[in-house]
Amino acid sequence: MRRLRFYLAIMLGKLAGSMSRLFGRGKGAVLPGTVAGFLMPDLLSLLSGMVEKDVFVVTGTNGKTTVNRMICECLEREGEQVVCNRTGANLPAGVLSAFVEAAGFTGRLTADYACLEVDELAAEEILGQMKPDVVILTNIFRDQLDRSGEVDRTLERLEGALRLVKNAKVIYNGDDCLLRRIAIRCENPQAAYGIEETFCGEAFQSGNREGSFCWFCGSRLEYRRIQYGQLGDYRCPGCGFGRPEPRYTASDIRRLENWYSFALNGRPVLARTCSPYEVYNTLAAYSALRESQAPMGHFREGVAGFDYGNRREPVFLIGDSRVQLHLAKNPVGFQQKLALLAQDPEPKDLVFQINDEVPDGRDVSWLWDVEFERLLGTEVKMVVVTGSRRYDMEVRLKYENIPCLVSKELLKPIRELLRTGTGNLYVIVNYSGLYRTGRLLRKLRRTEKGEWRN
């Protein structure tokens, strides 16, 4: 009976995914796991146990999707078969969906590795079932306040998850004082990674830092260097708590137009990105692969050809305009986007879409932790705010003396800026608007026939 139930769960889960895609109800990234998990609650444990080699789990606030995809793509370049939740569906149903879709209709799963992005608040539930071999911790920042609360709650959840998988290797960002606290308190074998020099300019840094005080004695942490947020070389003058000596390092970081060159443990690589935080993401993937002793013969080639945009931050050429879509979901992430704007010396227009739907979090008070005053003097000609919390955004900008146009809809102001703007448009959205805005811009690109050209 149990065997029949197993087959039925797989088949109906796969069928649900196919029907979802066929009728345009989504990408089938969650429904297969929802259906299959309802029929067999321990299915994730059974399927993940079929993976021949290592199961990687990536969790943390920012960078999960990028790190997870990079590990997956590097393994696939080596000819390995990998299960991966590439779409970023990182709650239990999304993780199970990746396994259901990878399995055959008989339930047989042929996979050398599994690479799974896991939501930090769901880590206890997922890790308890899946028993990963390697857990990668990227960083911890405030995110979705009404769901996550302050960072203490997230740290407690992650510590609880690691207690369930004490044999898993923990690869963590040693530049994050919050993750260092987790590493000290957990019993897992572990290795830290970190950046050996200051490479982020002042525009990337913020006066708001998580964990400004030592968790063990209460003294204010001192920094020899800061990258952004609380990431950097920190030390407590009271008890000696501080940044660990990293086993894996990035150094000699240089920007070459849209490329970054840097060295990983002394070996040079090139990354096709203009975002400094991607150095951390690349280092995280490198550290995990090295620590697991996975094949890495094509790692440098894989990094050079890797698409860091992950379809979350694409660039669209529409008529004579260049449109960049960016995701910003928390104060530190937003700060990075403003820093990228500051690095662009050309005149530009800017559209903010701020929503408060379930994926975004209902509480948008974090907007007051973003230093929007950094927009001043960055050659921004027009600012438009839209979304369900557009008036909150208008008030926030008003306090920095930044004028803006408030619009109930998104399409109309974008069309107008394509027609009369600078030709250099940035659209910054939070989660719920990301894919809808991407579809809108793709549609404009397909239907553009010159009517918006200056």
# chains A, B, ... in the order shown; residues from 1 in each chain; ligands from 1
>>> select_by_dssp(residues="segment 117-182 of chain A", states="strand (DSSP E or B)", output="list in words")
Glu117, Val134, Val135, Ile136, Leu137, Lys169, Val170, Ile171, Tyr172, Asn173 and Asp176 of chain A
>>> closest_residue(among="A:Leu411, A:Ile402, A:Met70, A:Ala288", to="Arg436 of chain A", atoms="only C-alpha atoms")
A:Leu411
>>> residues_around(residues="Val406 of chain A", least_positions_apart="6", cutoff="10 Å", atoms="only C-alpha atoms", output="JSON, numbers by chain")
{"A": [351, 352, 383, 384, 385, 386, 387, 390, 391, 393, 394, 413]}
>>> write_last_selection(atoms="N, CA, C and O atoms", output="short mmCIF file (atom, residue, chain, number, x, y, z; two decimals), in the first residue's frame")
data_model
loop_
_atom_site.label_atom_id
_atom_site.label_comp_id
_atom_site.auth_asym_id
_atom_site.auth_seq_id
_atom_site.Cartn_x
_atom_site.Cartn_y
_atom_site.Cartn_z
N VAL A 351 11.85 54.46 -11.52
CA VAL A 351 10.50 54.07 -11.11
C VAL A 351 10.62 53.13 -9.91
O VAL A 351 11.33 52.12 -9.98
N PHE A 352 9.96 53.47 -8.80
CA PHE A 352 9.86 52.60 -7.64
C PHE A 352 8.46 52.00 -7.59
O PHE A 352 7.48 52.73 -7.64
N VAL A 383 11.55 60.82 -11.01
CA VAL A 383 11.26 59.71 -10.11
C VAL A 383 9.75 59.49 -10.10
O VAL A 383 8.98 60.43 -9.89
N VAL A 384 9.33 58.26 -10.33
CA VAL A 384 7.92 57.88 -10.28
C VAL A 384 7.75 56.82 -9.21
O VAL A 384 8.55 55.88 -9.13
N VAL A 385 6.72 56.96 -8.36
CA VAL A 385 6.43 55.94 -7.36
C VAL A 385 5.06 55.34 -7.64
O VAL A 385 4.11 56.05 -7.98
N THR A 386 4.97 54.03 -7.53
CA THR A 386 3.72 53.33 -7.79
C THR A 386 3.63 52.13 -6.86
O THR A 386 4.50 51.93 -6.00
N GLY A 387 2.60 51.34 -6.99
CA GLY A 387 2.41 50.20 -6.11
C GLY A 387 1.42 50.51 -5.01
O GLY A 387 1.02 51.66 -4.80
N ARG A 390 2.52 53.25 -2.56
CA ARG A 390 3.13 54.39 -3.26
C ARG A 390 3.15 55.65 -2.40
O ARG A 390 4.09 56.45 -2.48
N TYR A 391 2.12 55.83 -1.61
CA TYR A 391 2.07 57.05 -0.79
C TYR A 391 3.08 57.00 0.35
O TYR A 391 3.64 58.03 0.74
N MET A 393 5.96 55.61 0.02
CA MET A 393 7.21 55.91 -0.67
C MET A 393 7.30 57.40 -0.98
O MET A 393 8.37 58.01 -0.87
N GLU A 394 6.18 58.01 -1.33
CA GLU A 394 6.17 59.44 -1.61
C GLU A 394 6.59 60.23 -0.36
O GLU A 394 7.41 61.16 -0.44
N PRO A 413 3.30 55.39 -16.81
CA PRO A 413 4.53 56.17 -16.63
C PRO A 413 5.74 55.56 -17.34
O PRO A 413 6.61 56.29 -17.82
#
>>> atom_distance(atom1="atom CA of Gln190 of chain A", atom2="atom CA of Lys169 of chain A")
5.4 Å
>>> select_by_dssp(residues="segment 4-89 of chain A", states="alpha helix (DSSP H)", output="JSON, numbers by chain")
{"A": [4, 5, 6, 7, 8, 9, 10, 11, 12, 13, 14, 15, 16, 17, 18, 19, 20, 21, 22, 31, 32, 33, 34, 35, 36, 37, 38, 39, 43, 44, 45, 46, 47, 48, 64, 65, 66, 67, 68, 69, 70, 71, 72, 73, 74, 75, 76, 77]}
>>> closest_residue(among="A:Thr437, A:Asn173, A:Thr110, A:Ser219", to="Ser287 of chain A", atoms="only C-alpha atoms")
A:Asn173
>>> residues_around(residues="Cys236 of chain A", least_positions_apart="3", cutoff="9 Å", atoms="only C-alpha atoms", output="list in words")
Phe213, Cys214, Cys217, Gly218, Ser219, Arg220, Leu221, Glu222, Tyr223, Cys239, Gly240, Phe241 and Gly242 of chain A
>>> closest_atom_pairs(of="segment 320-383 of chain A", to="segment 297-316 of chain A", cutoff="10 Å", atoms="only C-alpha atoms", output="Markdown table")
| residue | atom | partner | partner_atom | distance |
| --- | --- | --- | --- | --- |
| A:Ser321 | CA | A:Phe316 | CA | 8.1 |
| A:Arg322 | CA | A:Phe316 | CA | 5.9 |
| A:Val323 | CA | A:Phe316 | CA | 5.0 |
| A:Gln324 | CA | A:Val315 | CA | 4.5 |
| A:Leu325 | CA | A:Glu313 | CA | 5.0 |
| A:His326 | CA | A:Glu313 | CA | 4.8 |
| A:Leu327 | CA | A:Glu313 | CA | 6.6 |
>>> write_last_selection(atoms="N, CA and C atoms", output="PDB file, in the first residue's frame")
ATOM      1  N   SER A 321      15.696  53.128 -25.632  1.00  0.00           N
ATOM      2  CA  SER A 321      15.871  53.174 -24.181  1.00  0.00           C
ATOM      3  C   SER A 321      16.455  51.872 -23.640  1.00  0.00           C
ATOM      4  N   ARG A 322      17.256  52.036 -22.617  1.00  0.00           N
ATOM      5  CA  ARG A 322      17.794  50.900 -21.859  1.00  0.00           C
ATOM      6  C   ARG A 322      17.065  50.863 -20.523  1.00  0.00           C
ATOM      7  N   VAL A 323      16.388  49.737 -20.250  1.00  0.00           N
ATOM      8  CA  VAL A 323      15.576  49.616 -19.043  1.00  0.00           C
ATOM      9  C   VAL A 323      16.162  48.508 -18.173  1.00  0.00           C
ATOM     10  N   GLN A 324      16.486  48.835 -16.941  1.00  0.00           N
ATOM     11  CA  GLN A 324      17.023  47.849 -16.006  1.00  0.00           C
ATOM     12  C   GLN A 324      15.990  47.574 -14.916  1.00  0.00           C
ATOM     13  N   LEU A 325      15.703  46.302 -14.697  1.00  0.00           N
ATOM     14  CA  LEU A 325      14.756  45.890 -13.658  1.00  0.00           C
ATOM     15  C   LEU A 325      15.543  45.349 -12.475  1.00  0.00           C
ATOM     16  N   HIS A 326      15.269  45.880 -11.279  1.00  0.00           N
ATOM     17  CA  HIS A 326      15.992  45.461 -10.074  1.00  0.00           C
ATOM     18  C   HIS A 326      15.025  45.072  -8.974  1.00  0.00           C
ATOM     19  N   LEU A 327      15.415  44.055  -8.205  1.00  0.00           N
ATOM     20  CA  LEU A 327      14.662  43.621  -7.041  1.00  0.00           C
ATOM     21  C   LEU A 327      15.312  44.196  -5.787  1.00  0.00           C
TER      22      LEU A 327
END
>>> closest_residue(among="A:Leu43, A:Val100, A:Ala284, A:Ala342", to="Arg3 of chain A", atoms="only C-alpha atoms")
A:Leu43
>>> atom_distance(atom1="atom CA of Asn430 of chain A", atom2="atom CA of Ala98 of chain A")
24.6 Å
>>> residues_around(residues="Arg446 of chain A", least_positions_apart="3", cutoff="12 Å", atoms="only C-alpha atoms", output="number ranges by chain")
A: 316-319, 439-443, 449-450
>>> write_last_selection(atoms="all heavy atoms", output="mmCIF file, in the first residue's frame")
data_model
loop_
_atom_site.group_PDB
_atom_site.id
_atom_site.type_symbol
_atom_site.label_atom_id
_atom_site.label_comp_id
_atom_site.auth_asym_id
_atom_site.auth_seq_id
_atom_site.Cartn_x
_atom_site.Cartn_y
_atom_site.Cartn_z
ATOM 1 N N PHE A 316 16.507 45.419 -20.525
ATOM 2 C CA PHE A 316 15.668 45.410 -21.720
ATOM 3 C C PHE A 316 16.050 46.591 -22.606
ATOM 4 O O PHE A 316 16.198 47.714 -22.120
ATOM 5 C CB PHE A 316 14.184 45.540 -21.349
ATOM 6 C CG PHE A 316 13.668 44.441 -20.475
ATOM 7 C CD1 PHE A 316 13.795 44.519 -19.088
ATOM 8 C CD2 PHE A 316 13.063 43.322 -21.020
ATOM 9 C CE1 PHE A 316 13.317 43.517 -18.281
ATOM 10 C CE2 PHE A 316 12.584 42.304 -20.214
ATOM 11 C CZ PHE A 316 12.713 42.396 -18.838
ATOM 12 N N LEU A 317 16.198 46.328 -23.874
ATOM 13 C CA LEU A 317 16.399 47.397 -24.848
ATOM 14 C C LEU A 317 15.069 47.601 -25.559
ATOM 15 O O LEU A 317 14.627 46.754 -26.339
ATOM 16 C CB LEU A 317 17.507 47.039 -25.830
ATOM 17 C CG LEU A 317 18.889 46.828 -25.206
ATOM 18 C CD1 LEU A 317 19.905 46.425 -26.268
ATOM 19 C CD2 LEU A 317 19.349 48.080 -24.474
ATOM 20 N N ILE A 318 14.414 48.722 -25.287
ATOM 21 C CA ILE A 318 13.084 49.011 -25.841
ATOM 22 C C ILE A 318 13.184 50.322 -26.612
ATOM 23 O O ILE A 318 13.360 51.386 -26.016
ATOM 24 C CB ILE A 318 12.025 49.127 -24.735
ATOM 25 C CG1 ILE A 318 12.017 47.840 -23.885
ATOM 26 C CG2 ILE A 318 10.654 49.367 -25.333
ATOM 27 C CD1 ILE A 318 11.067 47.902 -22.704
ATOM 28 N N GLY A 319 13.099 50.229 -27.916
ATOM 29 C CA GLY A 319 13.307 51.426 -28.727
ATOM 30 C C GLY A 319 14.717 51.940 -28.520
ATOM 31 O O GLY A 319 15.693 51.190 -28.628
ATOM 32 N N ARG A 439 7.246 40.689 -17.106
ATOM 33 C CA ARG A 439 6.374 40.344 -18.235
ATOM 34 C C ARG A 439 5.932 41.590 -18.989
ATOM 35 O O ARG A 439 5.878 41.596 -20.219
ATOM 36 C CB ARG A 439 5.150 39.558 -17.727
ATOM 37 C CG ARG A 439 5.445 38.141 -17.288
ATOM 38 C CD ARG A 439 4.173 37.334 -17.121
ATOM 39 N NE ARG A 439 3.351 37.828 -16.036
ATOM 40 C CZ ARG A 439 3.450 37.416 -14.779
ATOM 41 N NH1 ARG A 439 4.357 36.512 -14.450
ATOM 42 N NH2 ARG A 439 2.638 37.896 -13.850
ATOM 43 N N LEU A 440 5.629 42.649 -18.250
ATOM 44 C CA LEU A 440 5.223 43.897 -18.886
ATOM 45 C C LEU A 440 6.330 44.448 -19.783
ATOM 46 O O LEU A 440 6.088 44.860 -20.932
ATOM 47 C CB LEU A 440 4.851 44.918 -17.817
ATOM 48 C CG LEU A 440 4.341 46.291 -18.259
ATOM 49 C CD1 LEU A 440 3.363 46.842 -17.224
ATOM 50 C CD2 LEU A 440 5.482 47.282 -18.446
ATOM 51 N N LEU A 441 7.555 44.446 -19.293
ATOM 52 C CA LEU A 441 8.670 44.977 -20.077
ATOM 53 C C LEU A 441 8.972 44.091 -21.288
ATOM 54 O O LEU A 441 9.313 44.593 -22.360
ATOM 55 C CB LEU A 441 9.908 45.118 -19.193
ATOM 56 C CG LEU A 441 9.808 46.183 -18.096
ATOM 57 C CD1 LEU A 441 11.015 46.127 -17.168
ATOM 58 C CD2 LEU A 441 9.680 47.587 -18.707
ATOM 59 N N ARG A 442 8.825 42.779 -21.115
ATOM 60 C CA ARG A 442 9.031 41.892 -22.269
ATOM 61 C C ARG A 442 7.975 42.131 -23.335
ATOM 62 O O ARG A 442 8.265 42.098 -24.537
ATOM 63 C CB ARG A 442 9.028 40.424 -21.816
ATOM 64 C CG ARG A 442 10.340 39.977 -21.211
ATOM 65 C CD ARG A 442 10.374 38.477 -20.977
ATOM 66 N NE ARG A 442 9.516 38.095 -19.863
ATOM 67 C CZ ARG A 442 9.903 38.108 -18.599
ATOM 68 N NH1 ARG A 442 11.128 38.474 -18.286
ATOM 69 N NH2 ARG A 442 9.076 37.735 -17.633
ATOM 70 N N LYS A 443 6.741 42.376 -22.897
ATOM 71 C CA LYS A 443 5.680 42.665 -23.852
ATOM 72 C C LYS A 443 5.956 43.973 -24.593
ATOM 73 O O LYS A 443 5.778 44.062 -25.820
ATOM 74 C CB LYS A 443 4.334 42.747 -23.135
ATOM 75 C CG LYS A 443 3.158 42.958 -24.064
ATOM 76 C CD LYS A 443 1.841 42.926 -23.303
ATOM 77 C CE LYS A 443 0.661 43.146 -24.243
ATOM 78 N NZ LYS A 443 -0.635 43.123 -23.514
ATOM 79 N N LYS A 449 7.540 49.238 -31.903
ATOM 80 C CA LYS A 449 7.731 49.399 -33.350
ATOM 81 C C LYS A 449 8.164 50.827 -33.680
ATOM 82 O O LYS A 449 7.970 51.315 -34.774
ATOM 83 C CB LYS A 449 6.462 49.054 -34.099
ATOM 84 C CG LYS A 449 5.989 47.617 -33.877
ATOM 85 C CD LYS A 449 4.775 47.304 -34.715
ATOM 86 C CE LYS A 449 4.249 45.908 -34.386
ATOM 87 N NZ LYS A 449 5.263 44.866 -34.556
ATOM 88 N N GLY A 450 8.708 51.461 -32.699
ATOM 89 C CA GLY A 450 9.225 52.807 -32.959
ATOM 90 C C GLY A 450 8.346 53.925 -32.463
ATOM 91 O O GLY A 450 8.739 55.072 -32.497
#
>>> closest_atom_pairs(of="segment 89-165 of chain A", to="segment 276-282 of chain A", cutoff="12 Å", atoms="only C-alpha atoms", output="CSV")
residue,atom,partner,partner_atom,distance
A:Ile136,CA,A:Asn281,CA,10.5
A:Leu137,CA,A:Asn281,CA,10.5
A:Thr138,CA,A:Asn281,CA,7.6
A:Asn139,CA,A:Tyr280,CA,9.7
>>> write_last_selection(atoms="C-alpha atoms", output="PDB file, in the first residue's frame")
ATOM      1  CA  ILE A 136      25.698  27.337   3.027  1.00  0.00           C
ATOM      2  CA  LEU A 137      24.788  30.435   5.089  1.00  0.00           C
ATOM      3  CA  THR A 138      25.035  33.625   3.019  1.00  0.00           C
ATOM      4  CA  ASN A 139      24.092  36.502   5.367  1.00  0.00           C
TER       5      ASN A 139
END
>>> closest_residue(among="A:Val55, A:Val35, A:Met130, A:Ala294", to="Ser20 of chain A", atoms="only C-alpha atoms")
A:Val35
